[in-house]
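As stored in final_12.txt (compact mmCIF, C-alpha atoms and all ligand atoms):
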```txt
# COMPACT_ATOMS: atom_id res chain seq x y z
CA MET A 1195 -26.99 -28.71 37.36
CA ASP A 1196 -29.43 -29.95 34.76
CA ARG A 1197 -27.58 -30.03 31.48
CA SER A 1198 -30.29 -31.86 29.51
CA ASN A 1199 -31.11 -28.70 27.55
CA LYS A 1200 -27.56 -28.12 26.47
CA PRO A 1201 -27.68 -27.42 22.74
CA SER A 1202 -25.90 -30.36 21.18
CA ALA A 1203 -25.15 -28.52 17.95
CA ILE A 1204 -22.73 -26.08 19.57
CA GLY A 1205 -19.25 -26.77 18.40
CA VAL A 1206 -20.25 -28.97 15.47
CA GLY A 1207 -18.13 -27.99 12.52
CA THR A 1208 -15.61 -25.98 14.48
CA SER A 1209 -13.11 -28.78 14.03
CA LEU A 1210 -13.41 -28.59 10.24
CA PRO A 1211 -10.24 -27.29 8.67
CA GLN A 1212 -10.24 -23.53 8.18
CA PRO A 1213 -8.32 -21.28 5.78
CA THR A 1214 -5.30 -19.67 7.39
CA ILE A 1215 -4.68 -15.95 7.03
CA SER A 1216 -1.41 -14.22 7.73
CA PHE A 1217 -0.81 -10.49 7.69
CA ARG A 1218 2.74 -9.22 7.71
CA ASP A 1219 4.86 -6.65 5.88
CA ASN A 1220 1.73 -5.02 4.41
CA THR A 1221 0.86 -8.30 2.73
CA VAL A 1222 -2.14 -10.58 3.33
CA GLU A 1223 -1.77 -14.26 2.52
CA ALA A 1224 -4.63 -16.77 2.64
CA THR A 1225 -4.23 -20.53 2.31
CA LEU A 1226 -7.08 -23.03 1.97
CA PRO A 1227 -6.95 -26.29 3.95
CA SER A 1228 -6.44 -28.04 0.59
CA GLY A 1229 -3.28 -26.00 -0.08
CA GLU A 1230 -4.28 -23.28 -2.59
CA SER A 1231 -3.04 -19.81 -1.68
CA VAL A 1232 -3.30 -16.16 -2.63
CA THR A 1233 -1.10 -13.21 -1.67
CA VAL A 1234 -2.26 -9.59 -1.80
CA HIS A 1235 -0.10 -6.50 -1.18
CA LEU A 1236 -1.86 -3.56 0.42
CA TYR A 1237 0.04 -1.41 -2.07
CA GLY A 1238 -2.44 -1.29 -4.93
CA ALA A 1239 -4.37 -4.22 -3.37
CA THR A 1240 -2.26 -6.04 -5.93
CA VAL A 1241 -2.66 -9.82 -5.99
CA THR A 1242 0.94 -10.96 -6.50
CA SER A 1243 0.58 -14.72 -6.21
CA TRP A 1244 -2.08 -17.36 -6.78
CA LYS A 1245 -0.97 -20.94 -6.28
CA LEU A 1246 -2.87 -24.16 -6.84
CA ALA A 1247 -2.72 -26.99 -4.32
CA ASN A 1248 0.24 -28.49 -6.21
CA GLY A 1249 2.18 -25.27 -5.57
CA LYS A 1250 2.05 -24.14 -9.19
CA GLU A 1251 2.05 -20.35 -9.57
CA GLN A 1252 -0.70 -19.03 -11.84
CA LEU A 1253 0.28 -15.35 -11.98
CA PHE A 1254 3.37 -13.81 -13.52
CA LEU A 1255 5.42 -11.48 -11.32
CA SER A 1256 8.48 -9.76 -12.76
CA GLN A 1257 11.68 -10.59 -10.89
CA LYS A 1258 12.42 -6.86 -10.94
CA ALA A 1259 9.00 -5.80 -9.64
CA HIS A 1260 9.14 -3.16 -6.90
CA LEU A 1261 7.33 -4.49 -3.84
CA ASP A 1262 8.22 -1.56 -1.57
CA GLY A 1263 5.51 0.86 -2.66
CA SER A 1264 7.87 2.96 -4.79
CA LYS A 1265 6.23 1.98 -8.09
CA PRO A 1266 3.15 0.03 -9.25
CA ILE A 1267 3.85 -3.70 -9.00
CA ARG A 1268 4.88 -5.23 -12.35
CA GLY A 1269 2.88 -8.41 -12.40
CA GLY A 1270 0.06 -10.13 -10.54
CA ILE A 1271 -3.21 -8.23 -10.81
CA PRO A 1272 -2.80 -4.45 -10.55
CA VAL A 1273 -6.12 -2.59 -10.33
CA VAL A 1274 -6.52 0.21 -12.87
CA PHE A 1275 -8.84 3.06 -11.74
CA PRO A 1276 -10.14 5.70 -12.58
CA VAL A 1277 -8.43 5.97 -15.97
CA PHE A 1278 -6.96 3.39 -18.33
CA GLY A 1279 -3.74 4.29 -20.14
CA PRO A 1280 -2.50 7.84 -20.41
CA PRO A 1281 -5.31 10.19 -19.30
CA PRO A 1282 -6.91 12.28 -22.04
CA GLN A 1283 -6.27 16.02 -22.13
CA ASN A 1284 -8.87 18.40 -20.71
CA HIS A 1285 -10.52 15.64 -18.73
CA ALA A 1286 -11.20 15.20 -15.01
CA THR A 1287 -8.43 12.57 -14.95
CA SER A 1288 -5.82 14.62 -16.90
CA ALA A 1289 -3.57 15.22 -13.88
CA LEU A 1290 -3.38 11.52 -12.96
CA PRO A 1291 -0.61 9.11 -13.98
CA GLN A 1292 -1.10 6.35 -16.56
CA HIS A 1293 -3.67 3.80 -15.27
CA GLY A 1294 -4.77 6.11 -12.42
CA PHE A 1295 -4.04 5.91 -8.70
CA ALA A 1296 -5.53 2.63 -7.41
CA ARG A 1297 -2.43 0.58 -8.21
CA ASN A 1298 -0.13 3.05 -6.50
CA SER A 1299 -2.07 3.82 -3.34
CA THR A 1300 -2.05 1.89 -0.08
CA TRP A 1301 -5.36 0.13 0.58
CA GLU A 1302 -6.84 -1.04 3.88
CA PHE A 1303 -7.47 -4.72 4.67
CA LEU A 1304 -11.14 -4.86 5.69
CA GLY A 1305 -11.20 -8.51 6.72
CA LYS A 1306 -11.98 -12.01 5.53
CA SER A 1307 -14.99 -14.23 5.11
CA SER A 1308 -15.05 -17.96 4.53
CA SER A 1309 -17.48 -20.50 3.06
CA GLU A 1310 -19.83 -20.43 6.02
CA SER A 1311 -20.38 -16.69 6.03
CA LEU A 1312 -20.53 -16.71 2.23
CA GLY A 1313 -23.35 -19.24 2.46
CA ARG A 1314 -21.44 -21.92 0.58
CA ASP A 1315 -21.38 -25.62 1.25
CA ARG A 1316 -18.67 -26.49 3.76
CA LYS A 1317 -19.11 -30.19 4.43
CA ASP A 1318 -15.44 -30.86 3.67
CA GLY A 1319 -14.28 -27.81 5.58
CA ASP A 1320 -13.91 -24.28 4.31
CA ASP A 1321 -12.83 -24.33 0.71
CA THR A 1322 -13.43 -20.67 -0.06
CA VAL A 1323 -11.93 -17.55 1.40
CA LYS A 1324 -12.73 -13.95 0.52
CA LEU A 1325 -10.45 -11.05 1.38
CA ASP A 1326 -11.82 -7.49 1.24
CA PHE A 1327 -9.79 -4.33 0.70
CA GLY A 1328 -10.89 -0.70 0.74
CA LEU A 1329 -9.69 2.60 -0.67
CA SER A 1330 -11.34 6.00 -0.34
CA HIS A 1331 -10.53 9.61 -1.13
CA PRO A 1332 -9.08 10.58 2.29
CA MET A 1333 -6.63 7.66 2.03
CA LEU A 1334 -5.02 9.02 -1.15
CA SER A 1335 -1.79 11.05 -1.20
CA ASP A 1336 -2.28 14.84 -1.25
CA GLU A 1337 -1.17 14.82 -4.86
CA PHE A 1338 -3.83 12.30 -5.94
CA GLN A 1339 -6.51 13.97 -3.81
CA LYS A 1340 -5.88 17.23 -5.65
CA ALA A 1341 -5.67 15.54 -9.06
CA TRP A 1342 -9.03 13.76 -8.65
CA PRO A 1343 -11.16 15.52 -6.05
CA TYR A 1344 -14.12 13.12 -5.99
CA GLU A 1345 -15.49 11.44 -2.88
CA PHE A 1346 -15.31 7.80 -3.88
CA GLY A 1347 -15.10 4.45 -2.12
CA LEU A 1348 -13.66 1.26 -3.60
CA VAL A 1349 -14.20 -2.20 -2.14
CA TYR A 1350 -12.09 -4.85 -3.81
CA SER A 1351 -12.80 -8.49 -2.98
CA VAL A 1352 -10.42 -11.33 -3.77
CA THR A 1353 -12.03 -14.77 -3.48
CA LEU A 1354 -9.97 -17.94 -3.60
CA THR A 1355 -11.53 -21.34 -4.25
CA LYS A 1356 -9.94 -24.67 -5.14
CA ASP A 1357 -9.94 -23.97 -8.86
CA SER A 1358 -10.57 -20.27 -9.27
CA LEU A 1359 -9.67 -16.77 -8.27
CA GLU A 1360 -12.35 -14.12 -8.36
CA THR A 1361 -11.66 -10.42 -8.13
CA SER A 1362 -14.54 -8.03 -7.78
CA LEU A 1363 -14.55 -4.24 -7.52
CA GLN A 1364 -17.33 -2.09 -6.18
CA VAL A 1365 -17.08 1.63 -6.94
CA GLN A 1366 -19.15 3.96 -4.76
CA ASN A 1367 -19.84 7.62 -5.39
CA LYS A 1368 -20.04 9.07 -1.87
CA GLY A 1369 -20.02 12.68 -2.97
CA SER A 1370 -22.54 15.13 -4.37
CA GLN A 1371 -21.24 15.31 -7.95
CA ASN A 1372 -21.22 12.67 -10.67
CA PHE A 1373 -17.88 11.29 -11.82
CA ASP A 1374 -16.66 9.33 -14.83
CA PHE A 1375 -14.31 6.39 -14.49
CA GLN A 1376 -12.66 3.53 -16.31
CA VAL A 1377 -11.61 0.36 -14.56
CA LEU A 1378 -9.56 -2.70 -15.41
CA MET A 1379 -8.04 -5.75 -13.72
CA HIS A 1380 -4.59 -5.92 -15.30
CA THR A 1381 -4.05 -9.67 -14.87
CA TYR A 1382 -0.61 -11.07 -15.75
CA LEU A 1383 -1.12 -14.81 -16.34
CA ASN A 1384 1.86 -17.10 -15.90
CA ILE A 1385 2.52 -19.30 -18.93
CA GLU A 1386 5.37 -21.57 -19.88
CA ASP A 1387 5.85 -20.47 -23.47
CA ILE A 1388 4.09 -17.69 -25.38
CA SER A 1389 4.58 -19.62 -28.64
CA GLN A 1390 2.46 -22.46 -27.27
CA ILE A 1391 -0.69 -20.58 -26.35
CA ARG A 1392 -3.67 -19.19 -28.23
CA VAL A 1393 -6.25 -16.69 -27.00
CA LYS A 1394 -9.77 -17.76 -27.92
CA ASN A 1395 -13.30 -16.32 -28.05
CA LEU A 1396 -12.27 -12.97 -29.48
CA GLU A 1397 -13.25 -13.64 -33.10
CA SER A 1398 -15.61 -11.30 -34.93
CA THR A 1399 -15.09 -8.61 -32.31
CA THR A 1400 -13.72 -5.15 -32.92
CA TYR A 1401 -10.48 -4.10 -31.35
CA ILE A 1402 -8.30 -1.01 -31.11
CA ASP A 1403 -4.70 -1.83 -31.94
CA LYS A 1404 -2.53 0.38 -29.73
CA THR A 1405 0.58 -0.76 -31.61
CA GLN A 1406 -0.90 0.67 -34.84
CA ASN A 1407 -1.92 4.22 -33.91
CA ALA A 1408 -5.11 3.01 -32.21
CA SER A 1409 -6.56 1.88 -35.56
CA VAL A 1410 -9.72 -0.23 -35.43
CA HIS A 1411 -9.76 -3.83 -36.70
CA THR A 1412 -11.95 -6.92 -36.55
CA GLN A 1413 -10.57 -10.13 -35.09
CA GLN A 1414 -10.60 -12.70 -37.91
CA SER A 1415 -8.90 -15.72 -36.41
CA PRO A 1416 -10.73 -17.82 -33.79
CA ALA A 1417 -7.39 -18.43 -32.06
CA LEU A 1418 -5.11 -15.43 -31.56
CA GLU A 1419 -1.42 -16.28 -31.73
CA ILE A 1420 0.96 -13.89 -29.96
CA ASN A 1421 4.14 -13.59 -32.02
CA LYS A 1422 4.96 -9.88 -31.71
CA GLU A 1423 4.24 -6.93 -29.47
CA THR A 1424 0.49 -7.06 -28.85
CA ASP A 1425 -1.56 -4.32 -27.25
CA ARG A 1426 -5.23 -4.53 -28.18
CA VAL A 1427 -8.45 -3.31 -26.61
CA TYR A 1428 -11.30 -5.67 -27.55
CA LYS A 1429 -14.54 -3.78 -27.17
CA SER A 1430 -18.00 -4.74 -25.96
CA LEU A 1431 -17.53 -8.49 -25.67
CA ASP A 1432 -20.25 -10.74 -24.35
CA PRO A 1433 -19.19 -11.17 -20.70
CA LYS A 1434 -20.94 -14.54 -20.58
CA VAL A 1435 -18.37 -15.97 -23.03
CA PRO A 1436 -15.13 -16.53 -21.13
CA ILE A 1437 -11.83 -15.59 -22.76
CA VAL A 1438 -9.81 -18.77 -22.96
CA VAL A 1439 -6.03 -19.11 -23.04
CA SER A 1440 -5.43 -22.56 -24.45
CA SER A 1441 -2.37 -24.70 -24.96
CA THR A 1442 -1.36 -25.62 -28.52
CA VAL A 1443 0.08 -28.84 -27.12
CA ASP A 1444 -3.30 -30.42 -26.36
CA ASP A 1445 -5.75 -27.66 -27.34
CA GLN A 1446 -7.04 -27.61 -23.74
CA PRO A 1447 -7.66 -24.45 -21.72
CA LEU A 1448 -4.89 -23.27 -19.41
CA PHE A 1449 -7.08 -20.43 -18.13
CA SER A 1450 -10.54 -19.07 -18.68
CA VAL A 1451 -11.59 -15.57 -17.70
CA ALA A 1452 -15.33 -14.98 -17.17
CA ARG A 1453 -16.53 -11.47 -16.45
CA GLN A 1454 -19.48 -9.52 -15.09
CA GLY A 1455 -19.80 -5.85 -15.88
CA LEU A 1456 -16.35 -5.83 -17.49
CA ASN A 1457 -17.18 -5.93 -21.19
CA ASP A 1458 -13.83 -4.87 -22.67
CA VAL A 1459 -10.72 -7.02 -22.64
CA VAL A 1460 -7.14 -5.87 -23.23
CA VAL A 1461 -4.65 -8.41 -24.54
CA TRP A 1462 -1.06 -7.27 -23.91
CA ASN A 1463 2.40 -8.69 -24.35
CA PRO A 1464 5.31 -6.22 -24.58
CA TRP A 1465 7.55 -8.58 -26.60
CA ILE A 1466 11.32 -8.31 -26.52
CA GLU A 1467 12.12 -4.61 -27.18
CA LYS A 1468 9.44 -3.14 -24.89
CA ALA A 1469 10.32 -5.71 -22.22
CA LYS A 1470 13.95 -4.58 -22.34
CA GLY A 1471 12.82 -0.97 -22.11
CA MET A 1472 10.91 -1.49 -18.83
CA ALA A 1473 13.29 -1.08 -15.89
CA ASP A 1474 11.07 -3.20 -13.63
CA PHE A 1475 10.57 -6.05 -16.11
CA GLY A 1476 12.93 -8.96 -15.83
CA PRO A 1477 14.56 -11.04 -16.94
CA ASP A 1478 14.32 -9.67 -20.52
CA GLU A 1479 13.18 -13.05 -21.83
CA ALA A 1480 10.33 -13.24 -19.32
CA TYR A 1481 7.91 -11.77 -21.89
CA LYS A 1482 7.67 -15.40 -23.07
CA ASN A 1483 6.24 -16.42 -19.70
CA MET A 1484 3.34 -13.99 -19.47
CA ILE A 1485 0.18 -12.92 -21.19
CA CYS A 1486 -1.98 -10.12 -19.87
CA ILE A 1487 -5.70 -10.73 -20.22
CA GLU A 1488 -7.19 -7.59 -18.72
CA ALA A 1489 -10.91 -7.50 -18.03
CA GLY A 1490 -12.22 -3.96 -17.85
CA SER A 1491 -14.54 -1.20 -18.78
CA VAL A 1492 -12.17 1.04 -20.72
CA ALA A 1493 -13.42 1.66 -24.25
CA SER A 1494 -15.66 4.46 -22.99
CA TRP A 1495 -16.47 5.96 -19.56
CA GLN A 1496 -18.84 4.83 -16.84
CA THR A 1497 -20.69 7.74 -15.29
CA LEU A 1498 -21.48 7.21 -11.63
CA GLU A 1499 -24.12 9.48 -10.19
CA ALA A 1500 -23.89 10.88 -6.69
CA GLY A 1501 -24.85 8.21 -4.16
CA ASP A 1502 -24.74 5.37 -6.70
CA SER A 1503 -22.46 2.36 -6.89
CA TRP A 1504 -21.21 0.10 -9.66
CA GLU A 1505 -19.70 -3.38 -9.58
CA GLY A 1506 -17.60 -5.46 -11.95
CA SER A 1507 -15.85 -8.79 -11.48
CA GLN A 1508 -13.85 -11.53 -13.12
CA VAL A 1509 -13.47 -15.22 -12.32
CA ILE A 1510 -10.24 -16.83 -13.52
CA ARG A 1511 -10.24 -20.61 -13.67
CA ALA A 1512 -7.01 -22.49 -14.00
CA ARG A 1513 -6.36 -25.91 -15.39
CA LEU A 1514 -6.03 -28.29 -12.47
C1 LIG B 1 -1.71 -2.23 -20.83
C2 LIG B 1 -1.75 -1.16 -21.89
O1 LIG B 1 -2.95 -2.34 -20.21
O2 LIG B 1 -0.73 -1.89 -19.86
C3 LIG B 1 -0.37 -0.98 -22.49
O3 LIG B 1 -2.69 -1.48 -22.90
C4 LIG B 1 0.65 -0.69 -21.40
O4 LIG B 1 -0.40 0.09 -23.45
C5 LIG B 1 0.58 -1.80 -20.36
O5 LIG B 1 1.94 -0.64 -21.98
C6 LIG B 1 1.54 -1.61 -19.19
O6 LIG B 1 1.37 -0.34 -18.61
P1 LIG B 1 2.31 0.12 -17.44
O7 LIG B 1 1.88 1.52 -17.11
O8 LIG B 1 2.10 -0.84 -16.31
O9 LIG B 1 3.73 0.05 -17.97
```

Will you turn the file into structure tokens for me?
Amino acid sequence: MDRSNKPSAIGVGTSLPQPTISFRDNTVEATLPSGESVTVHLYGATVTSWKLANGKEQLFLSQKAHLDGSKPIRGGIPVVFPVFGPPPQNHATSALPQHGFARNSTWEFLGKSSSESLGRDRKDGDDTVKLDFGLSHPMLSDEFQKAWPYEFGLVYSVTLTKDSLETSLQVQNKGSQNFDFQVLMHTYLNIEDISQIRVKNLESTTYIDKTQNASVHTQQSPALEINKETDRVYKSLDPKVPIVVSSTVDDQPLFSVARQGLNDVVVWNPWIEKAKGMADFGPDEAYKNMICIEAGSVASWQTLEAGDSWEGSQVIRARL
């Protein structure tokens, strides 16, 4: 048999190291050949772990978090949709629980893509992996279906690279009536000591202080220190300017959070009394080890017309 026309390129690259994906106990875990990993629970499509190659955990997860689907997961990155906070009265979301239904519904794992299919350079092997998750109206519990009767589709993509984690949400209106929604990625960042961080790039912006009867203030300081219960909605920020959590030890960034389409940012730390009051938050002192930097669209409502879709994303970079 004449094999002179055998395409020599077949097989080239297949020996390059590939990300590994495991799927067990309703949890998807992806690990890059260089050692970084991400874990996502189908319950809420909640990212519960993001580790760098050195094994260092970047997300805070409460030791008392419920991982059995009985309650939204306290920590990681819960997805808030279609309402942020307690729903307003006489609104299409009024019958929903605080922060909506996305974080307490079971999503579907749609599959993974890696550098090659994402069109990224892969000369050193695949150093990117993207996991896609879906949620749609028929997948909701009867209670949620009744409470929010809109035909929607959500596609949530979690992309892990060597130095970043990207989460991206596409909202589709598959029905014949418009709907309004709010959305937020409720990221719990893992920090060593709340007294040794500052949150930067919020100055001169207006925020709603939820600890002071939702009164409106302007951020004066260029470096926000967290030394008490903090629950603020910073409105209409420039998404091109990343929010930076920096260390007071060397004034270098520990995390930066860049956003697209998510122009509001919530900064939350429950502090000691609220932490003690949350049954799924523990240990009590763990409020010192977390800061929530929540990228969202929550200060007003997005209206999505029938047949349209909307997308928002964040890229979190960690100090290597
Ligand atoms: C934040 C809100 O996004 O989430 C806070 O601004 C709220 O007001 C916090 O306390 C946690 O909410 P939950 O429902 O997870 O306890």

Check which residues fall inside 6 Å of ligand LIG 1 (chain B) when counting only C-alpha atoms and all ligand atoms, and print them as number ranges by chain.
-> A: 1292, 1425, 1462

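With all atoms listed in the file as the atoms that count, the residue of A:Gln1257, A:Ser1389, A:Thr1412, A:Ser1231 with the shortest distance to Ile1215 in chain A is A:Ser1231.
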
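Of the listed residues A:Val1393, A:Ala1408, A:Ala1417, A:Ala1224, the one whose atoms come nearest to Asp1321 in chain A is A:Ala1224, with distances taken using all atoms listed in the file.
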
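Across A:Gly1269, A:Pro1282, A:Gly1238, A:Gly1476, the tightest approach to Arg1297 in chain A is made by A:Gly1238 when counting only C-alpha atoms.
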
Identify, on the basis of all atoms listed in the file, every residue whose closest approach to Gln1371 in chain A does not exceed 12 Å; exclude the query and any residue fewer than 5 positions from it along the same chain; express the result as an mmCIF file with C-alpha atoms, in the frame of the given file.
```
data_model
loop_
_atom_site.group_PDB
_atom_site.id
_atom_site.type_symbol
_atom_site.label_atom_id
_atom_site.label_comp_id
_atom_site.auth_asym_id
_atom_site.auth_seq_id
_atom_site.Cartn_x
_atom_site.Cartn_y
_atom_site.Cartn_z
ATOM 1 C CA PRO A 1343 -11.160 15.520 -6.050
ATOM 2 C CA TYR A 1344 -14.120 13.120 -5.990
ATOM 3 C CA GLU A 1345 -15.490 11.440 -2.880
ATOM 4 C CA PHE A 1346 -15.310 7.800 -3.880
ATOM 5 C CA GLN A 1366 -19.150 3.960 -4.760
ATOM 6 C CA THR A 1497 -20.690 7.740 -15.290
ATOM 7 C CA LEU A 1498 -21.480 7.210 -11.630
ATOM 8 C CA GLU A 1499 -24.120 9.480 -10.190
ATOM 9 C CA ALA A 1500 -23.890 10.880 -6.690
ATOM 10 C CA GLY A 1501 -24.850 8.210 -4.160
ATOM 11 C CA ASP A 1502 -24.740 5.370 -6.700
#
```

Considering all atoms listed in the file, return as a PyMOL selection string whatever protein or nucleic-acid residues lie within 9 Å of Thr1442 in chain A, sequence-local ones (same chain, fewer than 2 positions apart) excluded.
-> chain A and resi 1389-1392+1440+1444-1446

Hey, what's within 7 Å of Pro1272 in chain A if we count all atoms listed in the file and toss same-chain stuff fewer than 4 positions away? As a PyMOL selection string, please?
-> chain A and resi 1238+1240+1267+1297+1379-1381

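The closest residue to Phe1327 in chain A, picked from A:Asn1463, A:Ser1308, A:Gln1364, A:Gln1212 and counting only C-alpha atoms, is A:Gln1364.
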
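Across the structure, CA of Ile1437 in chain A and CA of Ala1452 in chain A are spaced 6.6 Å apart.
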